[in-house]
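Below is one structure, written out as structure tokens; the observations come after it.
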Amino acid sequence: MTRAANPRRLLISATHKSSGKTTISVGLCAALRQRGLKVQAFKKGPDYIDPMWLTLASGRRCRNLDPYLSDNAEYRGTFRRHAAAADISIVEGNKGLYDGLALDGSNSNAAVAKVLGLPVVLVIDARGMTRGIAPLILGYQAFDRDVRIAGVILNNLGGSRHEAKLRMVIEHYTGVRVLGAVHCDPRLAIVERHLGLLPSNEADGAEQRVNEIAAVIGRQVDLDGVLQLAADVPPLAVPGDTIADPWPPAEGDVRIGVAQDRAFGFYYADDLDALRAAGASLIRFDTLADAQLPNVDALFIGGGFPELFAAELEANASLRARIRAAVEAGLPVYAECGGLMYLARTLTHKGQVFRMVGAIPGDVVMHARPVGRGYVNLQETAAFPWPLAPAGETIVRAHEFHYSSLDNLPPDLRCAYTVKRGHGIDGQRDGIVVNNVLASYAHLRSAGGNLWATRFVDFVRHAGYRRSRNDNIVYLPPARGRETLVV
């Protein structure tokens with residue numbers, strides 16, 4: 001693999017959330033890819049849905065950069081490793097440019113821009129704005145002089161007259177380059193849900209929508225100017241940096257089934273890489289369509305929106321029964337959020353009750369408002385099934401975002417975590433442990449010293465279920481005539 005000495009790169013950020021930066025980032029990735037360029041997309045912060053669209057647009061798996069869950073050296077190494085194989089890297093920020101948890105801005109989009117030497121393209125939702133756009137831009141420039149706001153893309157413009165006024169004001173007062181002016185256009189709309197955009201694995205005609213967005217962005221944004229700006233960057237390497245792959249592929253001696261369909265699709269690319277590096281072969285299965293499980297040693301059921309497919313999940317009684325039987329026989333399972341909901345007894349959504357797997361002694365209820373959201377800090381308990389250190393010594397940073405809660409839990413419920421920050425199951429606990437199942441509302445990352453993927457694979461490798469399956473005591477034949485590997 002040829003590595004670029006100083007790869008072209010930039011950050012797409014905004015003044016505030018819901019400014020249209022994801023749509024513009026998707027359009028840029030797709031339009032530049034259509035020019036024949038290798039485009040690597042990144043997403044700042046904890047997010048599954050935007051990376052799904054960015055992956056579809058760029059043709060390469062989007063990578064997440066999270067300064068709360070990783071230190072600077074770790075996420076800089078991730079960026080350098082994947083940017084080196086691309087012609088241009090586009091990092092999409094989250095929320096606004098200067099937004100973040102820390103008062104000093106150390107985990108903001110601006111901080112990421114400084115660590116990675118990224119010029120910033122600021123997306124501005126310019127609806128109703130004229131001369132007032134100048135002090136807005138000047139304020140963003142003045143707030144942190146170490147952040148280079150190299151250009152702006154104006155979004156949601158009312159027409160050519162509106163565009164002309166804004167360009168004249170920006171040129172006269174700020175000197176910032178206007179790289180694009182995107183007019184209001186229904187073709188740019190991607191349906192939103194409470195977590196943001198509708199996931200691409202659920203959207204009908206997602207590829208066609210990406211192509212339509214690329215066509216509009218390609219006409220209304222100066223792509224040559226974007227490439228020029230992305231090339232005008234400082235050296236990225238710093239003393240002690242490494243771009244060696246921390247997750248080199250390994251021979252897969254452990255088979256893990258991964259739920260990957262319309263109901264479940266929230267997986268981080270680097271975590272899948274970490275599972276493979278630990279010796280796992282990842283076999284895709286479909287909770288909606290497959291009547292049987294593939295022949296696997298364990299399951300990983302990530303997040304998603306099972307409540308929207310609850311009727312279909314309930315209708316697939318064969319698969320639910322097989323998963324429950326396998327869990328009772330000792331099948332190791334790791335489930336996050338949506339996966340936890342699927343493993344519960346029932347799921348209540350909009351007054352309707354649907355039967356789920358029944359492996360977890362609890363009933364899921366959906367609510368109109370978030371129950372838990374944001375970053376969480378968890379302390380591992382003695383019930384944690386894949387311990388790395390004595391109970392209480394390991395603090396895990398993760399994130400959660402769920403609109404559901406669990407009712408009717410037994411008083412003797414075993415939990416893997418004590419919640420120090422966040423909500424989890426009940427504000428005090430998270431990580432339900434049943435047999436060889438660990439199911440939590442928290443989403444983990446193999447980052448910041450939390451090597452959950454390696455620990456899980458090692459646990460599976462030594463689990464009694466694996467020996468039983470190989471002895472044909474428990475055997476679940478492949479769901480189809482051929483196996484589909486997770487990508």
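Following the order of the structure tokens, chains are lettered A, B, ..., residues in each are numbered from 1, and ligands are numbered from 1.
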
At a cut-off of 6 Å, using only C-alpha atoms, what residues contact range 147-157 of chain A? Leave out same-chain residues fewer than 4 positions from it and give the result as a VMD selection string. chain A and resid 119 to 127 176 to 184

Output C-alpha atoms for every residue in the selection just made, as a tab-separated table (two decimals), in the first residue's frame.
chain	number	residue	atom	x	y	z
A	119	PRO	CA	-8.33	23.18	7.61
A	120	VAL	CA	-11.97	23.82	8.52
A	121	VAL	CA	-14.79	24.25	6.07
A	122	LEU	CA	-17.65	25.79	8.01
A	123	VAL	CA	-21.16	24.90	6.88
A	124	ILE	CA	-23.55	27.75	7.66
A	125	ASP	CA	-27.31	27.37	7.56
A	126	ALA	CA	-27.93	30.77	6.02
A	127	ARG	CA	-31.71	30.82	6.01
A	176	VAL	CA	-12.99	33.90	3.91
A	177	ARG	CA	-13.38	31.89	0.75
A	178	VAL	CA	-16.90	30.84	-0.19
A	179	LEU	CA	-16.45	27.29	-1.48
A	180	GLY	CA	-20.09	26.65	-2.19
A	181	ALA	CA	-23.63	27.94	-2.01
A	182	VAL	CA	-26.23	25.21	-1.75
A	183	HIS	CA	-29.79	26.24	-2.45
A	184	CYS	CA	-32.82	24.69	-0.75

Run DSSP on the backbone and tell me which residues of range 144-284 of chain A come out as helix (DSSP H, G or I); list them as a PDB file with N, CA and C atoms, in the first residue's frame.
ATOM      1  N   SER A 160     -30.730  32.824  -6.060  1.00  0.00           N
ATOM      2  CA  SER A 160     -29.521  33.453  -6.564  1.00  0.00           C
ATOM      3  C   SER A 160     -29.296  34.838  -5.969  1.00  0.00           C
ATOM      4  N   ARG A 161     -30.355  35.605  -5.727  1.00  0.00           N
ATOM      5  CA  ARG A 161     -30.196  36.927  -5.124  1.00  0.00           C
ATOM      6  C   ARG A 161     -29.659  36.804  -3.696  1.00  0.00           C
ATOM      7  N   HIS A 162     -30.203  35.859  -2.948  1.00  0.00           N
ATOM      8  CA  HIS A 162     -29.725  35.617  -1.585  1.00  0.00           C
ATOM      9  C   HIS A 162     -28.247  35.225  -1.604  1.00  0.00           C
ATOM     10  N   GLU A 163     -27.888  34.357  -2.525  1.00  0.00           N
ATOM     11  CA  GLU A 163     -26.494  33.927  -2.647  1.00  0.00           C
ATOM     12  C   GLU A 163     -25.582  35.113  -2.959  1.00  0.00           C
ATOM     13  N   ALA A 164     -25.984  35.967  -3.903  1.00  0.00           N
ATOM     14  CA  ALA A 164     -25.151  37.099  -4.304  1.00  0.00           C
ATOM     15  C   ALA A 164     -24.911  38.053  -3.133  1.00  0.00           C
ATOM     16  N   LYS A 165     -25.962  38.304  -2.337  1.00  0.00           N
ATOM     17  CA  LYS A 165     -25.813  39.195  -1.180  1.00  0.00           C
ATOM     18  C   LYS A 165     -24.824  38.621  -0.165  1.00  0.00           C
ATOM     19  N   LEU A 166     -24.964  37.346   0.117  1.00  0.00           N
ATOM     20  CA  LEU A 166     -24.086  36.720   1.113  1.00  0.00           C
ATOM     21  C   LEU A 166     -22.639  36.700   0.640  1.00  0.00           C
ATOM     22  N   ARG A 167     -22.425  36.392  -0.614  1.00  0.00           N
ATOM     23  CA  ARG A 167     -21.056  36.376  -1.140  1.00  0.00           C
ATOM     24  C   ARG A 167     -20.426  37.765  -1.025  1.00  0.00           C
ATOM     25  N   MET A 168     -21.181  38.790  -1.341  1.00  0.00           N
ATOM     26  CA  MET A 168     -20.656  40.154  -1.290  1.00  0.00           C
ATOM     27  C   MET A 168     -20.308  40.542   0.146  1.00  0.00           C
ATOM     28  N   VAL A 169     -21.172  40.207   1.111  1.00  0.00           N
ATOM     29  CA  VAL A 169     -20.929  40.533   2.514  1.00  0.00           C
ATOM     30  C   VAL A 169     -19.690  39.799   3.034  1.00  0.00           C
ATOM     31  N   ILE A 170     -19.594  38.499   2.731  1.00  0.00           N
ATOM     32  CA  ILE A 170     -18.475  37.690   3.231  1.00  0.00           C
ATOM     33  C   ILE A 170     -17.168  38.178   2.641  1.00  0.00           C
ATOM     34  N   GLU A 171     -17.167  38.473   1.338  1.00  0.00           N
ATOM     35  CA  GLU A 171     -15.946  38.955   0.683  1.00  0.00           C
ATOM     36  C   GLU A 171     -15.512  40.305   1.255  1.00  0.00           C
ATOM     37  N   HIS A 172     -16.483  41.187   1.520  1.00  0.00           N
ATOM     38  CA  HIS A 172     -16.148  42.543   1.971  1.00  0.00           C
ATOM     39  C   HIS A 172     -15.626  42.561   3.405  1.00  0.00           C
ATOM     40  N   TYR A 173     -16.231  41.759   4.292  1.00  0.00           N
ATOM     41  CA  TYR A 173     -15.918  41.868   5.716  1.00  0.00           C
ATOM     42  C   TYR A 173     -14.956  40.817   6.255  1.00  0.00           C
ATOM     43  N   PRO A 186     -35.277  19.804  -2.372  1.00  0.00           N
ATOM     44  CA  PRO A 186     -35.840  18.593  -1.754  1.00  0.00           C
ATOM     45  C   PRO A 186     -35.027  17.341  -2.039  1.00  0.00           C
ATOM     46  N   ARG A 187     -34.224  17.354  -3.102  1.00  0.00           N
ATOM     47  CA  ARG A 187     -33.402  16.185  -3.414  1.00  0.00           C
ATOM     48  C   ARG A 187     -32.299  15.960  -2.392  1.00  0.00           C
ATOM     49  N   LEU A 188     -32.011  16.984  -1.589  1.00  0.00           N
ATOM     50  CA  LEU A 188     -30.950  16.862  -0.581  1.00  0.00           C
ATOM     51  C   LEU A 188     -31.469  16.309   0.743  1.00  0.00           C
ATOM     52  N   ALA A 206     -31.111   4.074  -1.158  1.00  0.00           N
ATOM     53  CA  ALA A 206     -30.058   4.875  -0.530  1.00  0.00           C
ATOM     54  C   ALA A 206     -28.971   5.265  -1.527  1.00  0.00           C
ATOM     55  N   GLU A 207     -28.579   4.343  -2.391  1.00  0.00           N
ATOM     56  CA  GLU A 207     -27.529   4.661  -3.373  1.00  0.00           C
ATOM     57  C   GLU A 207     -28.000   5.738  -4.342  1.00  0.00           C
ATOM     58  N   GLN A 208     -29.254   5.629  -4.773  1.00  0.00           N
ATOM     59  CA  GLN A 208     -29.791   6.656  -5.678  1.00  0.00           C
ATOM     60  C   GLN A 208     -29.821   8.015  -4.985  1.00  0.00           C
ATOM     61  N   ARG A 209     -30.193   8.028  -3.689  1.00  0.00           N
ATOM     62  CA  ARG A 209     -30.226   9.286  -2.955  1.00  0.00           C
ATOM     63  C   ARG A 209     -28.827   9.888  -2.861  1.00  0.00           C
ATOM     64  N   VAL A 210     -27.813   9.057  -2.599  1.00  0.00           N
ATOM     65  CA  VAL A 210     -26.436   9.543  -2.537  1.00  0.00           C
ATOM     66  C   VAL A 210     -26.016  10.130  -3.875  1.00  0.00           C
ATOM     67  N   ASN A 211     -26.369   9.476  -4.972  1.00  0.00           N
ATOM     68  CA  ASN A 211     -26.015   9.989  -6.293  1.00  0.00           C
ATOM     69  C   ASN A 211     -26.705  11.322  -6.582  1.00  0.00           C
ATOM     70  N   GLU A 212     -27.946  11.476  -6.146  1.00  0.00           N
ATOM     71  CA  GLU A 212     -28.651  12.748  -6.333  1.00  0.00           C
ATOM     72  C   GLU A 212     -27.988  13.860  -5.527  1.00  0.00           C
ATOM     73  N   ILE A 213     -27.611  13.547  -4.302  1.00  0.00           N
ATOM     74  CA  ILE A 213     -26.922  14.538  -3.466  1.00  0.00           C
ATOM     75  C   ILE A 213     -25.588  14.921  -4.096  1.00  0.00           C
ATOM     76  N   ALA A 214     -24.854  13.917  -4.596  1.00  0.00           N
ATOM     77  CA  ALA A 214     -23.553  14.180  -5.227  1.00  0.00           C
ATOM     78  C   ALA A 214     -23.704  15.109  -6.434  1.00  0.00           C
ATOM     79  N   ALA A 215     -24.770  14.906  -7.214  1.00  0.00           N
ATOM     80  CA  ALA A 215     -24.972  15.743  -8.399  1.00  0.00           C
ATOM     81  C   ALA A 215     -25.222  17.190  -8.008  1.00  0.00           C
ATOM     82  N   VAL A 216     -26.046  17.414  -6.985  1.00  0.00           N
ATOM     83  CA  VAL A 216     -26.338  18.778  -6.547  1.00  0.00           C
ATOM     84  C   VAL A 216     -25.098  19.427  -5.960  1.00  0.00           C
ATOM     85  N   ILE A 217     -24.407  18.722  -5.068  1.00  0.00           N
ATOM     86  CA  ILE A 217     -23.208  19.273  -4.427  1.00  0.00           C
ATOM     87  C   ILE A 217     -22.118  19.509  -5.464  1.00  0.00           C
ATOM     88  N   GLY A 218     -21.993  18.611  -6.425  1.00  0.00           N
ATOM     89  CA  GLY A 218     -20.978  18.772  -7.467  1.00  0.00           C
ATOM     90  C   GLY A 218     -21.174  20.030  -8.292  1.00  0.00           C
ATOM     91  N   ARG A 219     -22.432  20.464  -8.454  1.00  0.00           N
ATOM     92  CA  ARG A 219     -22.708  21.674  -9.221  1.00  0.00           C
ATOM     93  C   ARG A 219     -22.572  22.941  -8.382  1.00  0.00           C
ATOM     94  N   GLN A 220     -22.885  22.862  -7.096  1.00  0.00           N
ATOM     95  CA  GLN A 220     -22.981  24.069  -6.281  1.00  0.00           C
ATOM     96  C   GLN A 220     -21.811  24.268  -5.327  1.00  0.00           C
ATOM     97  N   LEU A 223     -15.459  22.001  -6.267  1.00  0.00           N
ATOM     98  CA  LEU A 223     -14.693  20.806  -5.905  1.00  0.00           C
ATOM     99  C   LEU A 223     -13.189  21.023  -6.071  1.00  0.00           C
ATOM    100  N   ASP A 224     -12.805  21.757  -7.107  1.00  0.00           N
ATOM    101  CA  ASP A 224     -11.379  22.051  -7.280  1.00  0.00           C
ATOM    102  C   ASP A 224     -10.857  22.890  -6.121  1.00  0.00           C
ATOM    103  N   GLY A 225     -11.686  23.837  -5.671  1.00  0.00           N
ATOM    104  CA  GLY A 225     -11.292  24.639  -4.522  1.00  0.00           C
ATOM    105  C   GLY A 225     -11.164  23.804  -3.263  1.00  0.00           C
ATOM    106  N   VAL A 226     -12.050  22.839  -3.089  1.00  0.00           N
ATOM    107  CA  VAL A 226     -11.978  21.939  -1.939  1.00  0.00           C
ATOM    108  C   VAL A 226     -10.684  21.137  -1.966  1.00  0.00           C
ATOM    109  N   LEU A 227     -10.339  20.604  -3.124  1.00  0.00           N
ATOM    110  CA  LEU A 227      -9.104  19.830  -3.254  1.00  0.00           C
ATOM    111  C   LEU A 227      -7.875  20.699  -3.002  1.00  0.00           C
ATOM    112  N   GLN A 228      -7.903  21.929  -3.496  1.00  0.00           N
ATOM    113  CA  GLN A 228      -6.792  22.855  -3.283  1.00  0.00           C
ATOM    114  C   GLN A 228      -6.622  23.171  -1.807  1.00  0.00           C
ATOM    115  N   LEU A 229      -7.727  23.436  -1.135  1.00  0.00           N
ATOM    116  CA  LEU A 229      -7.687  23.738   0.295  1.00  0.00           C
ATOM    117  C   LEU A 229      -7.177  22.531   1.084  1.00  0.00           C
ATOM    118  N   ALA A 230      -7.630  21.335   0.712  1.00  0.00           N
ATOM    119  CA  ALA A 230      -7.235  20.126   1.436  1.00  0.00           C
ATOM    120  C   ALA A 230      -5.768  19.785   1.266  1.00  0.00           C
ATOM    121  N   ALA A 231      -5.163  20.306   0.196  1.00  0.00           N
ATOM    122  CA  ALA A 231      -3.742  20.045  -0.036  1.00  0.00           C
ATOM    123  C   ALA A 231      -2.839  21.029   0.694  1.00  0.00           C
ATOM    124  N   ALA A 269     -16.293   0.233  12.589  1.00  0.00           N
ATOM    125  CA  ALA A 269     -15.382  -0.492  11.708  1.00  0.00           C
ATOM    126  C   ALA A 269     -14.127  -0.948  12.448  1.00  0.00           C
ATOM    127  N   ASP A 270     -13.588  -0.099  13.326  1.00  0.00           N
ATOM    128  CA  ASP A 270     -12.371  -0.470  14.041  1.00  0.00           C
ATOM    129  C   ASP A 270     -12.612  -1.597  15.041  1.00  0.00           C
ATOM    130  N   ASP A 271     -13.825  -1.684  15.585  1.00  0.00           N
ATOM    131  CA  ASP A 271     -14.129  -2.779  16.502  1.00  0.00           C
ATOM    132  C   ASP A 271     -14.258  -4.098  15.748  1.00  0.00           C
ATOM    133  N   LEU A 272     -14.834  -4.075  14.562  1.00  0.00           N
ATOM    134  CA  LEU A 272     -14.882  -5.279  13.741  1.00  0.00           C
ATOM    135  C   LEU A 272     -13.475  -5.712  13.368  1.00  0.00           C
ATOM    136  N   ASP A 273     -12.600  -4.745  13.058  1.00  0.00           N
ATOM    137  CA  ASP A 273     -11.199  -5.062  12.789  1.00  0.00           C
ATOM    138  C   ASP A 273     -10.537  -5.688  14.010  1.00  0.00           C
ATOM    139  N   ALA A 274     -10.851  -5.154  15.203  1.00  0.00           N
ATOM    140  CA  ALA A 274     -10.254  -5.674  16.437  1.00  0.00           C
ATOM    141  C   ALA A 274     -10.709  -7.101  16.703  1.00  0.00           C
ATOM    142  N   LEU A 275     -11.969  -7.409  16.410  1.00  0.00           N
ATOM    143  CA  LEU A 275     -12.451  -8.786  16.568  1.00  0.00           C
ATOM    144  C   LEU A 275     -11.706  -9.732  15.633  1.00  0.00           C
ATOM    145  N   ARG A 276     -11.520  -9.313  14.381  1.00  0.00           N
ATOM    146  CA  ARG A 276     -10.786 -10.150  13.431  1.00  0.00           C
ATOM    147  C   ARG A 276      -9.332 -10.329  13.858  1.00  0.00           C
ATOM    148  N   ALA A 277      -8.734  -9.252  14.351  1.00  0.00           N
ATOM    149  CA  ALA A 277      -7.338  -9.322  14.785  1.00  0.00           C
ATOM    150  C   ALA A 277      -7.170 -10.268  15.970  1.00  0.00           C
TER     151      ALA A 277
END

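Closest approach to Gly464 in chain A from the set A:Pro306, A:Gly339, A:Pro246, A:Pro332 is made by A:Pro332, with distances taken over only C-alpha atoms.
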
Residue neighbourhood Phe401 in chain A, 9 Å, only C-alpha atoms, exclusion window fewer than 2 positions, as a PyMOL selection string: chain A and resi 195+337+370-375+399+403+441-443

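Residue-level DSSP output for range 357-414 of chain A, from the backbone, shows strand (DSSP E) at Asp363, Val364, Val365, Met366, Gly372, Arg373, Gly374, Tyr375, Val376, Asn377, Leu378, Gln379, Glu380, Ile395, Val396, Arg397, Ala398, His399, Glu400, Phe401, His402, Ser404, Ser405, Leu406 and Asp407 of chain A.
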
Please list as a count of residues only every residue within 9 Å of Phe285 in chain A, counting only C-alpha atoms and excluding residues in the same chain fewer than 2 positions away. 17

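Minimum atom-to-atom distance to Gly422 in chain A, evaluated using only C-alpha atoms, belongs to A:Glu400 out of A:Gly128, A:Glu400, A:Arg35, A:Lys95.
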
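Proximity of A:Thr55, A:Ala310, A:Ala335, A:Ala383 to Val364 in chain A, computed with only C-alpha atoms, is greatest for A:Ala310.
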
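Each of A:Arg421, A:Ala329, A:Val376, A:Val434 was compared to Gly362 in chain A using only C-alpha atoms, and A:Val434 turns out to be the nearest.
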
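Take the candidates A:Asp104, A:Glu307, A:Asp426, A:Asp66 and check each one against Tyr268 in chain A using only C-alpha atoms; the shortest distance goes to A:Asp66.
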
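Compared by their closest atoms to Val254 in chain A, and using only C-alpha atoms, the residues A:Leu32, A:Ala110, A:Ala463, A:Ala237 rank with A:Ala463 nearest.
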
Residues near Ala416 in chain A, cut-off 7 Å, only C-alpha atoms, skip fewer than 2 positions along chain, as an NGL selection string: :A and (380-381 or 383-384 or 414 or 430-433)

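For the pair CA of Asn64 in chain A and CA of Gln379 in chain A, the interatomic distance is 23.9 Å.
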
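CA of Gln352 in chain A lies 17.6 Å from CA of Ala263 in chain A.
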
Give me the residues near Leu331 in chain A as a list in words, where near means some atom within 6 Å (using only C-alpha atoms) and where sequence neighbours in that chain fewer than 3 positions away do not count. Ala298, Ala326, Val327 and Tyr465 of chain A
